[in-house]
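*Asks:* File upload-v3.csv below, CSV, C-alpha atoms and all ligand atoms:
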```
chain,number,residue,atom,x,y,z
A,1,MET,CA,6.3,-2.0,-21.5
A,2,GLU,CA,6.7,-1.6,-17.7
A,3,THR,CA,5.3,-4.2,-15.3
A,4,VAL,CA,3.6,-2.5,-12.3
A,5,LEU,CA,2.7,-4.4,-9.2
A,6,SER,CA,1.2,-3.4,-5.8
A,7,GLY,CA,-0.7,-4.9,-3.0
A,8,ILE,CA,-2.3,-4.2,0.3
A,9,ARG,CA,-2.5,-6.5,3.4
A,10,SER,CA,-6.0,-7.8,4.2
A,11,THR,CA,-6.2,-6.5,7.7
A,12,GLY,CA,-9.3,-4.4,7.6
A,13,GLN,CA,-10.9,-1.6,5.5
A,14,LEU,CA,-8.8,0.6,3.3
A,15,HIS,CA,-8.1,4.2,4.5
A,16,LEU,CA,-6.9,7.5,2.9
A,17,GLY,CA,-3.3,6.5,3.4
A,18,ASN,CA,-3.7,3.3,1.3
A,19,TYR,CA,-5.6,5.3,-1.3
A,20,PHE,CA,-3.0,8.1,-1.8
A,21,GLY,CA,0.0,5.9,-1.0
A,22,ALA,CA,-0.8,3.1,-3.5
A,23,LEU,CA,-4.3,2.8,-5.0
A,24,LYS,CA,-4.6,6.2,-6.7
A,25,ASN,CA,-1.3,5.9,-8.6
A,26,PHE,CA,-2.1,2.4,-9.5
A,27,VAL,CA,-5.5,3.3,-11.0
A,28,ARG,CA,-3.7,6.0,-13.0
A,29,MET,CA,-1.1,3.5,-14.3
A,30,GLN,CA,-3.4,0.7,-15.2
A,31,HIS,CA,-4.0,1.8,-18.8
A,32,GLU,CA,-0.3,2.5,-19.5
A,33,ALA,CA,1.4,-0.6,-18.3
A,34,ASN,CA,1.1,-4.3,-17.6
A,35,CYS,CA,-0.5,-4.1,-14.1
A,36,PHE,CA,-0.9,-6.5,-11.2
A,37,PHE,CA,-2.7,-5.6,-8.0
A,38,PHE,CA,-3.2,-8.2,-5.3
A,39,ILE,CA,-4.5,-8.7,-1.8
A,40,ALA,CA,-1.8,-9.8,0.6
A,41,ASP,CA,-3.6,-12.4,2.7
A,42,TYR,CA,-0.5,-14.5,3.5
A,43,HIS,CA,1.1,-11.3,4.9
A,44,SER,CA,-1.9,-10.7,7.1
A,45,LEU,CA,-1.3,-14.1,8.9
A,46,THR,CA,1.7,-12.7,10.8
A,47,THR,CA,-0.8,-11.1,13.2
A,48,HIS,CA,-2.9,-14.3,13.6
A,49,PRO,CA,-6.3,-13.1,12.4
A,50,ASP,CA,-9.4,-15.0,13.4
A,51,PRO,CA,-10.0,-17.6,10.6
A,52,ALA,CA,-13.7,-16.7,10.8
A,53,ASN,CA,-12.8,-13.1,9.6
A,54,LEU,CA,-10.0,-13.6,7.1
A,55,HIS,CA,-12.2,-14.3,4.1
A,56,ASP,CA,-14.5,-11.4,4.8
A,57,ASN,CA,-11.5,-9.1,5.1
A,58,VAL,CA,-10.2,-10.2,1.7
A,59,ARG,CA,-13.6,-9.8,0.2
A,60,SER,CA,-14.1,-6.3,1.5
A,61,ILE,CA,-10.7,-5.2,0.2
A,62,LEU,CA,-11.5,-6.7,-3.2
A,63,ILE,CA,-14.7,-4.6,-3.3
A,64,GLU,CA,-12.8,-1.5,-2.3
A,65,TYR,CA,-10.2,-2.0,-5.0
A,66,LEU,CA,-12.9,-2.2,-7.6
A,67,ALA,CA,-14.8,0.7,-6.1
A,68,ALA,CA,-11.6,2.8,-6.1
A,69,GLY,CA,-11.3,2.3,-9.9
A,70,LEU,CA,-9.2,-0.8,-10.5
A,71,ASP,CA,-10.5,-2.3,-13.7
A,72,PRO,CA,-10.3,-6.1,-13.9
A,73,ASP,CA,-10.6,-6.0,-17.7
A,74,VAL,CA,-7.4,-4.0,-17.8
A,75,ALA,CA,-5.3,-4.9,-14.7
A,76,THR,CA,-4.8,-8.3,-13.2
A,77,ILE,CA,-6.4,-8.4,-9.7
A,78,TYR,CA,-5.8,-11.4,-7.6
A,79,ILE,CA,-5.5,-12.8,-4.1
A,80,GLN,CA,-2.0,-13.7,-3.0
A,81,SER,CA,-2.9,-17.2,-1.7
A,82,ASP,CA,-4.3,-18.0,-5.1
A,83,LEU,CA,-0.7,-17.9,-6.3
A,84,PRO,CA,1.2,-20.5,-4.2
A,85,GLN,CA,4.1,-19.9,-6.7
A,86,VAL,CA,4.8,-16.8,-4.5
A,87,ALA,CA,5.4,-19.1,-1.5
A,88,GLU,CA,7.9,-21.2,-3.4
A,89,LEU,CA,9.7,-18.2,-4.7
A,90,SER,CA,9.8,-16.8,-1.2
A,91,LEU,CA,11.4,-20.0,0.0
A,92,LEU,CA,14.0,-19.9,-2.8
A,93,LEU,CA,14.9,-16.3,-2.1
A,94,SER,CA,15.1,-16.9,1.6
A,95,MET,CA,18.2,-19.0,1.0
A,96,HIS,CA,20.1,-15.8,0.2
A,97,ALA,CA,18.5,-13.5,2.8
A,98,TYR,CA,20.6,-13.1,5.9
A,99,LEU,CA,19.4,-13.1,9.5
A,100,GLY,CA,21.2,-9.8,10.3
A,101,GLU,CA,19.6,-7.8,7.5
A,102,LEU,CA,16.1,-9.1,8.3
A,103,GLU,CA,16.5,-8.4,12.0
A,104,ARG,CA,17.6,-4.8,11.2
A,105,THR,CA,14.5,-4.0,9.1
A,106,ALA,CA,12.6,-1.2,10.7
A,107,SER,CA,9.2,-2.9,10.4
A,108,PHE,CA,10.5,-6.0,12.2
A,109,LYS,CA,12.1,-3.9,15.0
A,110,GLU,CA,8.8,-2.1,15.4
A,111,LYS,CA,6.9,-5.4,15.8
A,112,VAL,CA,9.4,-6.7,18.3
A,113,ARG,CA,8.7,-3.5,20.3
A,114,LYS,CA,5.0,-3.6,19.9
A,115,GLN,CA,4.1,-7.3,20.1
A,116,PRO,CA,6.9,-9.0,22.1
A,117,GLY,CA,4.6,-11.9,22.7
A,118,ASN,CA,4.3,-12.8,19.0
A,119,ILE,CA,7.6,-12.5,17.2
A,120,ASN,CA,7.1,-15.3,14.7
A,121,ALA,CA,9.3,-16.3,11.8
A,122,GLY,CA,6.8,-14.9,9.3
A,123,LEU,CA,7.4,-11.4,10.7
A,124,LEU,CA,11.2,-11.9,10.2
A,125,THR,CA,10.8,-13.1,6.6
A,126,TYR,CA,8.0,-10.7,5.8
A,127,PRO,CA,10.3,-8.7,3.4
A,128,VAL,CA,11.3,-11.9,1.6
A,129,LEU,CA,7.7,-12.7,0.9
A,130,MET,CA,7.1,-9.2,-0.3
A,131,ALA,CA,10.1,-9.4,-2.6
A,132,ALA,CA,8.6,-12.7,-4.0
A,133,ASP,CA,5.3,-10.9,-4.6
A,134,ILE,CA,7.1,-8.3,-6.7
A,135,LEU,CA,9.7,-10.5,-8.4
A,136,ILE,CA,7.2,-13.3,-9.3
A,137,HIS,CA,6.1,-10.9,-12.1
A,138,ARG,CA,9.5,-9.2,-12.4
A,139,ALA,CA,7.8,-5.9,-11.7
A,140,THR,CA,9.8,-2.7,-12.5
A,141,ARG,CA,7.4,-0.2,-10.8
A,142,VAL,CA,5.8,-0.6,-7.4
A,143,PRO,CA,3.3,2.1,-6.2
A,144,VAL,CA,3.7,2.3,-2.4
A,145,GLY,CA,3.7,4.8,0.4
A,146,LYS,CA,6.8,6.0,2.3
A,147,ASP,CA,6.5,3.3,5.0
A,148,GLN,CA,7.2,0.6,2.4
A,149,GLU,CA,10.4,2.2,1.0
A,150,GLN,CA,12.8,0.0,3.0
A,151,HIS,CA,11.0,-3.2,2.0
A,152,LEU,CA,11.4,-2.1,-1.6
A,153,GLU,CA,15.1,-1.5,-1.1
A,154,LEU,CA,15.4,-5.0,0.3
A,155,THR,CA,13.6,-6.3,-2.8
A,156,ARG,CA,16.2,-4.7,-5.0
A,157,ARG,CA,19.0,-6.0,-2.8
A,158,PHE,CA,17.7,-9.6,-3.0
A,159,ALA,CA,17.2,-9.3,-6.8
A,160,ARG,CA,20.8,-8.0,-7.3
A,161,ARG,CA,22.2,-10.7,-5.1
A,162,PHE,CA,20.4,-13.4,-7.0
A,163,ASN,CA,21.6,-12.0,-10.3
A,164,GLN,CA,25.2,-11.8,-9.0
A,165,ILE,CA,25.3,-15.3,-7.4
A,166,TYR,CA,23.9,-17.0,-10.5
A,167,GLY,CA,25.7,-14.8,-13.0
A,168,VAL,CA,22.4,-13.7,-14.7
A,169,GLU,CA,20.6,-10.5,-15.5
A,170,TYR,CA,17.3,-12.0,-14.6
A,171,PHE,CA,15.5,-9.9,-12.0
A,172,PRO,CA,15.0,-6.2,-12.8
A,173,GLU,CA,15.3,-3.2,-10.4
A,174,SER,CA,11.9,-2.7,-8.8
A,175,LEU,CA,11.5,1.0,-8.2
A,176,PRO,CA,8.8,2.9,-6.4
A,177,TYR,CA,6.2,4.2,-8.9
A,178,ASN,CA,7.1,7.9,-8.4
A,179,PHE,CA,10.8,7.1,-7.7
A,180,ASN,CA,12.1,10.6,-8.4
A,181,GLN,CA,9.6,12.1,-5.9
A,182,GLU,CA,9.4,11.9,-2.2
A,183,LEU,CA,7.0,9.0,-1.4
A,184,VAL,CA,3.6,9.8,0.1
A,185,LYS,CA,3.0,9.6,3.8
A,186,ILE,CA,-0.5,10.5,4.9
A,187,PRO,CA,-0.5,11.3,8.6
A,188,GLY,CA,-3.2,10.5,11.1
A,189,LEU,CA,-5.5,13.1,12.6
A,190,ASP,CA,-4.4,12.4,16.1
A,191,GLY,CA,-1.1,14.3,15.9
A,192,SER,CA,0.9,11.1,15.8
A,193,GLY,CA,2.8,9.8,12.8
A,194,LYS,CA,1.2,8.0,9.9
A,195,MET,CA,-2.4,7.1,9.3
A,196,GLY,CA,-2.6,3.4,9.9
A,197,LYS,CA,-5.0,0.5,10.7
A,198,SER,CA,-3.0,-0.4,13.8
A,199,GLU,CA,-2.7,3.2,14.9
A,200,GLY,CA,-6.6,3.5,15.0
A,201,ASN,CA,-6.5,7.0,13.5
A,202,CYS,CA,-7.9,6.4,10.0
A,203,ILE,CA,-10.5,7.9,7.7
A,204,TYR,CA,-11.8,4.9,5.8
A,205,LEU,CA,-13.0,4.7,2.2
A,206,SER,CA,-16.3,3.4,3.6
A,207,ASP,CA,-16.8,6.2,6.1
A,208,GLU,CA,-20.1,8.1,5.8
A,209,ASP,CA,-19.9,11.9,5.3
A,210,SER,CA,-21.0,12.6,8.9
A,211,VAL,CA,-18.3,10.3,10.3
A,212,ILE,CA,-15.7,12.0,8.2
A,213,ARG,CA,-16.8,15.5,9.4
A,214,LYS,CA,-16.7,14.3,13.0
A,215,LYS,CA,-13.3,12.8,12.7
A,216,VAL,CA,-11.8,15.9,11.0
A,217,MET,CA,-13.4,18.3,13.5
A,218,LYS,CA,-11.8,16.3,16.3
A,219,ALA,CA,-8.3,16.5,14.8
A,220,VAL,CA,-5.6,17.7,17.2
A,221,THR,CA,-4.5,21.3,16.7
A,222,ASP,CA,-2.5,23.8,18.8
A,223,SER,CA,-3.2,27.4,20.0
A,224,GLY,CA,-2.2,28.9,16.7
A,225,PRO,CA,0.8,30.8,15.3
A,226,THR,CA,2.0,33.9,17.3
A,227,GLU,CA,4.5,35.2,14.7
A,228,PRO,CA,4.2,35.6,11.0
A,229,ASN,CA,5.8,32.9,8.8
A,230,SER,CA,6.6,30.7,11.8
A,231,PRO,CA,7.4,27.0,11.2
A,232,MET,CA,4.4,24.7,11.6
A,233,PRO,CA,4.3,22.2,14.4
A,234,ASP,CA,3.8,18.6,13.3
A,235,VAL,CA,0.1,18.5,14.2
A,236,ILE,CA,-0.7,21.4,12.0
A,237,ALA,CA,1.7,20.3,9.2
A,238,ASN,CA,-0.2,17.0,9.2
A,239,LEU,CA,-3.5,18.7,8.3
A,240,PHE,CA,-1.8,20.6,5.5
A,241,THR,CA,-0.3,17.3,4.2
A,242,ILE,CA,-3.7,15.8,4.0
A,243,MET,CA,-5.0,19.0,2.4
A,244,LYS,CA,-2.3,18.8,-0.2
A,245,ALA,CA,-3.6,15.3,-1.2
A,246,VAL,CA,-7.3,16.1,-1.3
A,247,SER,CA,-7.8,19.9,-2.0
A,248,THR,CA,-7.0,22.2,-4.9
A,249,PRO,CA,-3.7,24.1,-5.0
A,250,ASP,CA,-5.7,27.3,-4.5
A,251,THR,CA,-7.3,26.1,-1.3
A,252,LEU,CA,-3.9,24.9,-0.1
A,253,SER,CA,-2.3,28.3,-0.8
A,254,TYR,CA,-5.2,30.2,0.7
A,255,PHE,CA,-4.8,28.4,4.1
A,256,THR,CA,-1.0,28.5,3.9
A,257,ASP,CA,-1.2,32.3,3.5
A,258,LYS,CA,-3.6,32.5,6.5
A,259,TRP,CA,-1.1,30.5,8.5
A,260,ASN,CA,1.8,32.8,7.5
A,261,SER,CA,-0.2,35.9,8.4
A,262,CYS,CA,-1.4,34.5,11.7
A,263,GLU,CA,-5.0,34.8,10.6
A,264,ILE,CA,-5.7,31.1,10.4
A,265,ARG,CA,-8.9,29.7,12.0
A,266,TYR,CA,-8.6,26.0,12.5
A,267,GLY,CA,-12.4,25.6,12.4
A,268,ASP,CA,-12.5,26.9,8.8
A,269,LEU,CA,-9.6,24.8,7.8
A,270,LYS,CA,-11.1,21.7,9.2
A,271,LYS,CA,-14.5,22.4,7.6
A,272,GLN,CA,-12.8,22.8,4.2
A,273,LEU,CA,-10.6,19.7,4.7
A,274,ALA,CA,-13.6,17.6,5.6
A,275,GLU,CA,-15.6,18.6,2.5
A,276,ASP,CA,-12.6,17.9,0.3
A,277,ILE,CA,-12.0,14.5,1.9
A,278,ILE,CA,-15.7,13.8,1.3
A,279,LYS,CA,-15.3,14.7,-2.4
A,280,THR,CA,-12.6,12.1,-2.7
A,281,ILE,CA,-14.3,9.4,-0.7
A,282,SER,CA,-18.1,9.6,-1.2
A,283,PRO,CA,-18.1,8.4,-4.9
A,284,ILE,CA,-15.9,5.4,-3.8
A,285,ARG,CA,-18.2,4.7,-0.9
A,286,GLU,CA,-21.3,4.7,-3.1
A,287,ARG,CA,-19.6,2.2,-5.5
A,288,ILE,CA,-18.6,0.0,-2.5
A,289,LYS,CA,-22.3,-0.3,-1.7
A,290,ASP,CA,-23.2,-1.1,-5.4
A,291,ILE,CA,-20.6,-3.8,-5.8
A,292,SER,CA,-21.0,-5.4,-2.4
A,293,SER,CA,-24.1,-7.5,-3.3
A,294,ASN,CA,-22.8,-8.7,-6.7
A,295,GLU,CA,-21.4,-12.1,-5.7
A,296,ALA,CA,-21.2,-13.5,-9.2
A,297,TYR,CA,-19.2,-10.5,-10.4
A,298,LEU,CA,-16.7,-10.8,-7.4
A,299,SER,CA,-16.1,-14.5,-7.9
A,300,LYS,CA,-15.6,-14.0,-11.7
A,301,VAL,CA,-13.0,-11.2,-11.0
A,302,VAL,CA,-11.1,-13.4,-8.5
A,303,LYS,CA,-11.1,-16.5,-10.8
A,304,GLU,CA,-10.0,-14.7,-13.9
A,305,GLY,CA,-7.4,-12.6,-12.0
A,306,ALA,CA,-5.8,-15.8,-10.5
A,307,GLU,CA,-5.7,-17.4,-14.0
A,308,LYS,CA,-4.0,-14.4,-15.5
A,309,ALA,CA,-1.5,-14.0,-12.6
A,310,ARG,CA,-0.6,-17.7,-12.7
A,311,VAL,CA,0.6,-17.5,-16.3
A,312,SER,CA,3.3,-15.0,-15.4
A,313,ALA,CA,4.0,-16.6,-12.0
A,314,ASN,CA,4.6,-20.1,-13.5
A,315,LYS,CA,6.9,-18.7,-16.1
A,316,THR,CA,9.1,-16.9,-13.6
A,317,LEU,CA,9.2,-19.8,-11.2
A,318,SER,CA,10.2,-22.3,-13.8
A,319,GLU,CA,13.0,-20.0,-15.0
A,320,VAL,CA,14.2,-19.4,-11.4
A,321,ARG,CA,14.2,-23.1,-10.7
A,322,GLU,CA,16.2,-23.7,-13.9
A,323,ILE,CA,18.7,-20.9,-13.0
A,324,MET,CA,19.2,-22.4,-9.5
A,325,GLY,CA,19.7,-25.8,-10.9
A,326,ILE,CA,16.4,-27.5,-10.1
A,327,LYS,CA,15.7,-29.3,-13.4
A,328,PRO,CA,13.1,-31.8,-14.5
A,329,PHE,CA,14.3,-35.4,-15.2
B,1,LIG,P1,-0.1,-2.0,3.9
B,1,LIG,O1,-1.2,-3.0,3.7
B,1,LIG,O2,0.3,-1.6,5.3
B,1,LIG,O3,-0.4,-0.7,3.1
B,1,LIG,C1,-0.8,-0.8,1.7
B,1,LIG,C2,-0.3,0.4,0.9
B,1,LIG,O4,-0.7,1.6,1.5
B,1,LIG,C3,0.4,2.5,1.8
B,1,LIG,N1,0.1,3.2,3.1
B,1,LIG,C4,0.3,4.5,3.2
B,1,LIG,N2,0.7,5.4,2.3
B,1,LIG,C5,0.8,6.7,2.7
B,1,LIG,N3,0.4,7.1,3.9
B,1,LIG,C6,0.0,6.2,4.8
B,1,LIG,N4,-0.4,6.6,6.0
B,1,LIG,C7,-0.1,4.9,4.5
B,1,LIG,N5,-0.5,3.7,5.1
B,1,LIG,C8,-0.4,2.7,4.2
B,1,LIG,C9,1.5,1.5,2.0
B,1,LIG,O5,2.8,2.2,1.8
B,1,LIG,C10,1.2,0.5,1.0
B,1,LIG,O6,1.7,0.9,-0.3
B,1,LIG,N6,3.8,-4.9,2.9
B,1,LIG,C11,2.7,-4.2,2.3
B,1,LIG,C12,1.8,-5.0,1.5
B,1,LIG,C13,2.5,-5.8,0.4
B,1,LIG,C14,3.0,-5.2,-0.8
B,1,LIG,C15,3.7,-6.3,-1.5
B,1,LIG,C16,3.0,-3.9,-1.4
B,1,LIG,C17,2.9,-7.1,0.4
B,1,LIG,N7,3.6,-7.4,-0.7
B,1,LIG,C18,4.3,-6.1,-2.7
B,1,LIG,C19,3.6,-3.8,-2.6
B,1,LIG,C20,4.3,-4.8,-3.3
B,1,LIG,C21,1.9,-3.6,3.4
B,1,LIG,O7,1.9,-4.0,4.5
B,1,LIG,O8,1.1,-2.5,3.0
```
When written as structure tokens, how does the structure in this file appear?
Ligand code: TYM
*Replies:*
Amino acid sequence: METVLSGIRSTGQLHLGNYFGALKNFVRMQHEANCFFFIADYHSLTTHPDPANLHDNVRSILIEYLAAGLDPDVATIYIQSDLPQVAELSLLLSMHAYLGELERTASFKEKVRKQPGNINAGLLTYPVLMAADILIHRATRVPVGKDQEQHLELTRRFARRFNQIYGVEYFPESLPYNFNQELVKIPGLDGSGKMGKSEGNCIYLSDEDSVIRKKVMKAVTDSGPTEPNSPMPDVIANLFTIMKAVSTPDTLSYFTDKWNSCEIRYGDLKKQLAEDIIKTISPIRERIKDISSNEAYLSKVVKEGAEKARVSANKTLSEVREIMGIKPF
């Protein structure tokens, strides 16, 4: 049976990108495989969150996981910092991770550009910690969006290197969940690249219908096509990408035809898009409200998830220690 693992950083509420990039596929997989889903609170520390907010952020993501359909009776749901074995595996793997390759990682280079005042060692070794998250359960499938593709490549590289150095076939190849398809990238509504928390262009799973409508109606567009079948500029292609995720194939082809025949009315497209986003989000939002007040349930989920995750983590860590020559007296 495949082992599937995924996670999301605890830096705020979940958005449509998180849902279509990672959560939705995971929810689909949970009945077919041995599944782990965690909240990456160690990773969120790279941007120095206020300690007063960290716990609430973790809590709200946990609620959103459950509301999106992760089932704690089927999948193992846990918080990264409840598994200090991950930190030890990250330390062990870091001995074979080289400065050059870490400095060349796209996400690190972006942080250097965006936050030159806080280039901490945690940012540099971020991909090593992520590899440890995945390899601690020896996961073979990792549902992630396009932006995590390079991190996953590094995970495979670290795993192969470990196997080669110690002459073992221990760590598996960790592949993206839908590895023979292009990975999902949900764009923002502001005409810039991806939807993201730090980009401030998100539709959140907790957004009310009226907020969703307002955000979609404000999405950037252009003055419309002037020739039939002309290529779409990015801002318009972005709206179609989101439509592909939330709408039916019929709706998508209706508006594609309208574009191709220069009859498209962006107002109609946006109205339809907003309603289809609402169809995806509103049931999740209602469950978020239901689960939020159930403290006893939340602490039970976290406690049992940590216990289940530790069994697998302890096994891997003691085998890795043994392979590396760290043996008990
Ligand atoms: P994070 O928290 O930035 O995002 C969580 C997941 O959501 C996906 N995602 C998107 N997918 C499509 N379109 C978007 N606009 C979009 N925005 C976000 C991400 O690809 C990701 O799958 N490093 C990870 C967290 C992590 C992790 C792991 C993931 C830590 N350890 C181990 C998988 C396995 C991160 O920052 O994701």
*Asks:* What is the distance between atom CA of Asn57 of chain A and atom CA of Ser293 of chain A, in Å to one decimal?
*Replies:*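 So the answer is 15.2 Å.
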*Asks:* Name each residue within 6 Å of ligand LIG 1 (chain B), counting only C-alpha atoms and all ligand atoms, as a PyMOL selection string.
*Replies:* chain A and resi 6-9+17-18+21-22+40+130+133-134+144-148+184-187+194-196
*Asks:* Taking (1.7, -20.6, -13.9) in the file's own coordinates, collect the residues within 12 Å, counting all atoms listed in the file, and hand them back as a PyMOL selection string.
*Replies:* chain A and resi 82-86+136-137+306-319
*Asks:* Within 10 Å of (12.8, -15.8, 7.9), all atoms listed in the file: residues as a PyMOL selection string?
*Replies:* chain A and resi 90-91+94-95+97-99+102-103+120-129
*Asks:* Could you check the closest approach to Leu23 of chain A for each of A:Tyr78, A:Tyr65, A:Asn118, A:Ile326 and tell me which residue wins, using all atoms listed in the file?
*Replies:*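 Closest to Leu23 of chain A, using all atoms listed in the file: A:Tyr65.
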*Asks:* Just the number, please: distance in Å from atom CA of Ala75 of chain A to atom CA of Cys35 of chain A, one decimal.
*Replies:*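 Going from atom CA of Ala75 of chain A over to atom CA of Cys35 of chain A covers 4.9 Å.
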*Asks:* Closest to Ser206 of chain A among A:Asn25, A:Ser292, A:Thr76, A:Ser253, using only C-alpha atoms?
*Replies:*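 Among the listed residues, the smallest separation from Ser206 of chain A belongs to A:Ser292.
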*Asks:* Name the closest residue to Ile288 of chain A among the candidates A:Lys303, A:Arg28, A:Arg59, A:Lys197; distances are taken between atoms, counting only C-alpha atoms.
*Replies:*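 Closest to Ile288 of chain A, using only C-alpha atoms: A:Arg59.
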*Asks:* What is the distance, in Å and to one decimal place, between atom CA of Leu14 of chain A and atom CA of Asp207 of chain A?
*Replies:*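 That distance, rounded to one decimal, is 10.2 Å.
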*Asks:* Which of these, A:Thr221, A:Asn178, A:Thr248, A:Asn294, has the shortest distance to Lys24 of chain A once you count all atoms listed in the file?
*Replies:* A:Asn178
*Asks:* Of the candidates A:Arg265, A:His15, A:Lys300, A:Arg321, which shows the shortest atom-to-atom distance to Asn201 of chain A, using all atoms listed in the file?
*Replies:*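 Closest candidate: A:His15.
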*Asks:* For Arg138 of chain A, find every residue with an atom within 10 Å (counting only C-alpha atoms), except residues of its own chain fewer than 4 positions away, and show them as a PyMOL selection string.
*Replies:* chain A and resi 2-5+131-134+159+170-174+312-313+316
*Asks:* Find the residues around segment 54-56 of chain A up to 12 Å (only C-alpha atoms counted), leave out those fewer than 6 positions away in its own chain, and share them as a ChimeraX atom specification.
*Replies:* /A:9-13,39-45,47-48,62-63,79,81,292
*Asks:* Counting all atoms listed in the file, which residue out of A:Gly200, A:Pro283, A:Pro116, A:Gly193 sits closest to Ala67 of chain A?
*Replies:*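 Closest to Ala67 of chain A of all the choices is A:Pro283.
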